[in-house]
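To be precise, the following lines are query.cif, and they hold mmCIF, C-alpha atoms.
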```cif
data_start
#
loop_
_atom_site.label_atom_id
_atom_site.label_comp_id
_atom_site.auth_asym_id
_atom_site.auth_seq_id
_atom_site.Cartn_x
_atom_site.Cartn_y
_atom_site.Cartn_z
CA MET A 217 -5.69 -12.61 -29.64
CA ASN A 218 -4.33 -15.78 -28.10
CA SER A 219 -7.19 -16.32 -25.72
CA THR A 220 -9.42 -19.36 -25.95
CA ARG A 221 -12.42 -17.05 -26.37
CA ASP A 222 -10.81 -15.37 -29.40
CA GLU A 223 -9.92 -18.72 -30.95
CA LYS A 224 -13.48 -19.98 -30.53
CA LEU A 225 -14.87 -16.79 -32.02
CA LEU A 226 -12.61 -17.00 -35.07
CA LYS A 227 -13.50 -20.66 -35.64
CA LYS A 228 -17.21 -19.89 -35.32
CA PHE A 229 -16.94 -17.02 -37.82
CA GLY A 230 -14.94 -19.22 -40.20
CA LYS A 231 -17.57 -21.96 -40.11
CA HIS A 232 -20.30 -19.41 -40.75
CA LEU A 233 -18.37 -17.94 -43.69
CA ALA A 234 -17.84 -21.42 -45.14
CA SER A 235 -21.51 -22.30 -44.77
CA ILE A 236 -22.60 -19.15 -46.62
CA ARG A 237 -20.01 -19.81 -49.34
CA LYS A 238 -21.23 -23.38 -49.77
CA GLU A 239 -24.87 -22.26 -49.73
CA LYS A 240 -23.98 -19.94 -52.63
CA LYS A 241 -22.31 -22.94 -54.32
CA LEU A 242 -18.94 -21.21 -54.52
CA SER A 243 -15.57 -22.86 -54.20
CA LEU A 244 -12.86 -21.19 -52.17
CA ARG A 245 -11.06 -20.28 -55.38
CA LYS A 246 -14.18 -18.80 -56.97
CA LEU A 247 -14.89 -16.68 -53.90
CA ALA A 248 -11.27 -15.54 -53.91
CA ASP A 249 -11.58 -14.55 -57.58
CA ILE A 250 -14.82 -12.64 -56.99
CA ALA A 251 -13.45 -10.89 -53.89
CA ASP A 252 -10.06 -10.31 -55.54
CA VAL A 253 -8.18 -11.70 -52.55
CA ASP A 254 -5.71 -14.53 -52.16
CA PHE A 255 -7.29 -17.99 -51.91
CA SER A 256 -5.09 -18.92 -48.95
CA GLN A 257 -6.29 -15.90 -46.99
CA ILE A 258 -9.93 -17.03 -47.22
CA HIS A 259 -8.86 -20.58 -46.39
CA ARG A 260 -7.13 -19.37 -43.19
CA ILE A 261 -10.19 -17.31 -42.21
CA GLU A 262 -12.50 -20.30 -42.70
CA LYS A 263 -10.21 -22.47 -40.58
CA GLY A 264 -10.21 -19.86 -37.81
CA GLU A 265 -6.49 -19.31 -38.22
CA SER A 266 -6.71 -15.67 -39.30
CA ASN A 267 -8.52 -12.69 -37.84
CA PRO A 268 -10.11 -10.83 -40.77
CA THR A 269 -10.04 -7.06 -40.84
CA LEU A 270 -13.22 -5.04 -41.10
CA THR A 271 -12.42 -4.25 -44.72
CA MET A 272 -11.98 -7.97 -45.45
CA ILE A 273 -15.36 -8.74 -43.86
CA VAL A 274 -17.02 -6.08 -46.03
CA THR A 275 -15.21 -7.38 -49.12
CA LEU A 276 -16.32 -10.96 -48.44
CA ALA A 277 -19.91 -9.88 -47.77
CA GLU A 278 -20.01 -8.03 -51.08
CA ALA A 279 -18.48 -10.98 -52.93
CA LEU A 280 -21.05 -13.32 -51.37
CA ASN A 281 -23.87 -10.88 -52.11
CA VAL A 282 -24.96 -10.73 -48.48
CA THR A 283 -25.04 -7.86 -46.04
CA THR A 284 -22.20 -7.37 -43.63
CA GLU A 285 -24.71 -7.94 -40.86
CA GLU A 286 -25.64 -11.36 -42.30
CA LEU A 287 -21.98 -12.33 -42.49
CA ILE A 288 -21.25 -11.44 -38.88
CA ALA A 289 -24.54 -12.80 -37.48
CA PHE A 290 -23.30 -16.17 -36.29
#
```
Show the structure stored in the file as structure tokens.
Amino acid sequence: MNSTRDEKLLKKFGKHLASIRKEKKLSLRKLADIADVDFSQIHRIEKGESNPTLTMIVTLAEALNVTTEELIAF
């Protein structure tokens, strides 16, 4: 997970997640409330500092009202 490729991938996913969240006009805290996850966890994912699990990706997609495919299509 320490490779440059992995780091770039996580940052790219995080930016995509943030752009969808902002497009939906949701704050980090609001998304965290809807998804029922800790605010700091979403913050770390958006910064590319955390590698989200598959279940987290599905949870975030549902909270954002997008398909999982849309969330990972970046």
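Take atom CA of Leu280 of chain A and atom CA of Ser256 of chain A: the distance between them is 17.1 Å.
Separating atom CA of Thr283 of chain A from atom CA of Ile250 of chain A is a distance of 15.7 Å.
Atom CA of Phe255 of chain A is positioned 13.8 Å from atom CA of Leu233 of chain A.
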Just checking: using only C-alpha atoms, which residue out of A:Glu262, A:Glu285, A:Asp222, A:Asp252 ends up closest to Arg237 of chain A?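 Among the listed residues, A:Glu262 lies closest to Arg237 of chain A.
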Kindly list the centre and edge lengths in Å, rounded to one decimal, for the axis-aligned box that covers all listed atoms of segment 218-230 of chain A plus 8 Å on each of its six sides, as lines of an AutoDock Vina configuration file.
```
center_x = -10.8
center_y = -18.0
center_z = -33.0
size_x = 28.9
size_y = 21.3
size_z = 30.5
```
Please, could N, CA and C atoms be added to segment 239-267 of chain A and the result written as a PDB file, keeping the file's coordinate frame?
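Listing of out.pdb after writing:
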```pdb
ATOM      1  N   GLU A 239     -23.462 -22.503 -49.398  1.00  0.00           N
ATOM      2  CA  GLU A 239     -24.870 -22.260 -49.730  1.00  0.00           C
ATOM      3  C   GLU A 239     -24.986 -21.546 -51.076  1.00  0.00           C
ATOM      4  N   LYS A 240     -24.011 -20.676 -51.364  1.00  0.00           N
ATOM      5  CA  LYS A 240     -23.980 -19.940 -52.630  1.00  0.00           C
ATOM      6  C   LYS A 240     -23.337 -20.773 -53.746  1.00  0.00           C
ATOM      7  N   LYS A 241     -22.933 -22.013 -53.386  1.00  0.00           N
ATOM      8  CA  LYS A 241     -22.310 -22.940 -54.320  1.00  0.00           C
ATOM      9  C   LYS A 241     -21.024 -22.372 -54.953  1.00  0.00           C
ATOM     10  N   LEU A 242     -20.214 -21.779 -54.084  1.00  0.00           N
ATOM     11  CA  LEU A 242     -18.940 -21.210 -54.520  1.00  0.00           C
ATOM     12  C   LEU A 242     -17.789 -22.006 -53.921  1.00  0.00           C
ATOM     13  N   SER A 243     -16.795 -22.262 -54.723  1.00  0.00           N
ATOM     14  CA  SER A 243     -15.570 -22.860 -54.200  1.00  0.00           C
ATOM     15  C   SER A 243     -14.746 -21.761 -53.542  1.00  0.00           C
ATOM     16  N   LEU A 244     -13.762 -22.170 -52.771  1.00  0.00           N
ATOM     17  CA  LEU A 244     -12.860 -21.190 -52.170  1.00  0.00           C
ATOM     18  C   LEU A 244     -12.192 -20.340 -53.248  1.00  0.00           C
ATOM     19  N   ARG A 245     -11.748 -20.998 -54.296  1.00  0.00           N
ATOM     20  CA  ARG A 245     -11.060 -20.280 -55.380  1.00  0.00           C
ATOM     21  C   ARG A 245     -11.990 -19.296 -56.089  1.00  0.00           C
ATOM     22  N   LYS A 246     -13.233 -19.691 -56.312  1.00  0.00           N
ATOM     23  CA  LYS A 246     -14.180 -18.800 -56.970  1.00  0.00           C
ATOM     24  C   LYS A 246     -14.465 -17.589 -56.105  1.00  0.00           C
ATOM     25  N   LEU A 247     -14.675 -17.800 -54.810  1.00  0.00           N
ATOM     26  CA  LEU A 247     -14.890 -16.680 -53.900  1.00  0.00           C
ATOM     27  C   LEU A 247     -13.673 -15.758 -53.900  1.00  0.00           C
ATOM     28  N   ALA A 248     -12.500 -16.336 -53.879  1.00  0.00           N
ATOM     29  CA  ALA A 248     -11.270 -15.540 -53.910  1.00  0.00           C
ATOM     30  C   ALA A 248     -11.201 -14.700 -55.179  1.00  0.00           C
ATOM     31  N   ASP A 249     -11.578 -15.289 -56.305  1.00  0.00           N
ATOM     32  CA  ASP A 249     -11.580 -14.550 -57.580  1.00  0.00           C
ATOM     33  C   ASP A 249     -12.576 -13.394 -57.536  1.00  0.00           C
ATOM     34  N   ILE A 250     -13.783 -13.673 -57.055  1.00  0.00           N
ATOM     35  CA  ILE A 250     -14.820 -12.640 -56.990  1.00  0.00           C
ATOM     36  C   ILE A 250     -14.401 -11.513 -56.050  1.00  0.00           C
ATOM     37  N   ALA A 251     -13.841 -11.880 -54.906  1.00  0.00           N
ATOM     38  CA  ALA A 251     -13.450 -10.890 -53.890  1.00  0.00           C
ATOM     39  C   ALA A 251     -12.108 -10.229 -54.216  1.00  0.00           C
ATOM     40  N   ASP A 252     -11.385 -10.797 -55.164  1.00  0.00           N
ATOM     41  CA  ASP A 252     -10.060 -10.310 -55.540  1.00  0.00           C
ATOM     42  C   ASP A 252      -9.100 -10.333 -54.350  1.00  0.00           C
ATOM     43  N   VAL A 253      -9.109 -11.474 -53.657  1.00  0.00           N
ATOM     44  CA  VAL A 253      -8.180 -11.700 -52.550  1.00  0.00           C
ATOM     45  C   VAL A 253      -7.526 -13.068 -52.744  1.00  0.00           C
ATOM     46  N   ASP A 254      -6.438 -13.275 -52.047  1.00  0.00           N
ATOM     47  CA  ASP A 254      -5.710 -14.530 -52.160  1.00  0.00           C
ATOM     48  C   ASP A 254      -6.528 -15.694 -51.587  1.00  0.00           C
ATOM     49  N   PHE A 255      -6.571 -16.782 -52.318  1.00  0.00           N
ATOM     50  CA  PHE A 255      -7.290 -17.990 -51.910  1.00  0.00           C
ATOM     51  C   PHE A 255      -6.881 -18.446 -50.518  1.00  0.00           C
ATOM     52  N   SER A 256      -5.581 -18.424 -50.246  1.00  0.00           N
ATOM     53  CA  SER A 256      -5.090 -18.920 -48.950  1.00  0.00           C
ATOM     54  C   SER A 256      -5.564 -18.051 -47.795  1.00  0.00           C
ATOM     55  N   GLN A 257      -5.807 -16.781 -48.047  1.00  0.00           N
ATOM     56  CA  GLN A 257      -6.290 -15.900 -46.990  1.00  0.00           C
ATOM     57  C   GLN A 257      -7.706 -16.308 -46.559  1.00  0.00           C
ATOM     58  N   ILE A 258      -8.571 -16.585 -47.532  1.00  0.00           N
ATOM     59  CA  ILE A 258      -9.930 -17.030 -47.220  1.00  0.00           C
ATOM     60  C   ILE A 258      -9.876 -18.387 -46.531  1.00  0.00           C
ATOM     61  N   HIS A 259      -9.014 -19.259 -46.998  1.00  0.00           N
ATOM     62  CA  HIS A 259      -8.860 -20.580 -46.390  1.00  0.00           C
ATOM     63  C   HIS A 259      -8.494 -20.452 -44.902  1.00  0.00           C
ATOM     64  N   ARG A 260      -7.554 -19.573 -44.587  1.00  0.00           N
ATOM     65  CA  ARG A 260      -7.130 -19.370 -43.190  1.00  0.00           C
ATOM     66  C   ARG A 260      -8.270 -18.787 -42.352  1.00  0.00           C
ATOM     67  N   ILE A 261      -9.052 -17.895 -42.937  1.00  0.00           N
ATOM     68  CA  ILE A 261     -10.190 -17.310 -42.210  1.00  0.00           C
ATOM     69  C   ILE A 261     -11.210 -18.406 -41.915  1.00  0.00           C
ATOM     70  N   GLU A 262     -11.523 -19.232 -42.907  1.00  0.00           N
ATOM     71  CA  GLU A 262     -12.500 -20.300 -42.700  1.00  0.00           C
ATOM     72  C   GLU A 262     -12.033 -21.326 -41.680  1.00  0.00           C
ATOM     73  N   LYS A 263     -10.755 -21.519 -41.564  1.00  0.00           N
ATOM     74  CA  LYS A 263     -10.210 -22.470 -40.580  1.00  0.00           C
ATOM     75  C   LYS A 263     -10.081 -21.845 -39.194  1.00  0.00           C
ATOM     76  N   GLY A 264     -10.345 -20.538 -39.089  1.00  0.00           N
ATOM     77  CA  GLY A 264     -10.210 -19.860 -37.810  1.00  0.00           C
ATOM     78  C   GLY A 264      -8.772 -19.546 -37.453  1.00  0.00           C
ATOM     79  N   GLU A 265      -7.912 -19.534 -38.448  1.00  0.00           N
ATOM     80  CA  GLU A 265      -6.490 -19.310 -38.220  1.00  0.00           C
ATOM     81  C   GLU A 265      -6.088 -17.853 -38.458  1.00  0.00           C
ATOM     82  N   SER A 266      -7.004 -17.055 -38.986  1.00  0.00           N
ATOM     83  CA  SER A 266      -6.710 -15.670 -39.300  1.00  0.00           C
ATOM     84  C   SER A 266      -7.860 -14.785 -38.842  1.00  0.00           C
ATOM     85  N   ASN A 267      -7.527 -13.647 -38.305  1.00  0.00           N
ATOM     86  CA  ASN A 267      -8.520 -12.690 -37.840  1.00  0.00           C
ATOM     87  C   ASN A 267      -8.751 -11.666 -38.959  1.00  0.00           C
TER      88      ASN A 267
END
```
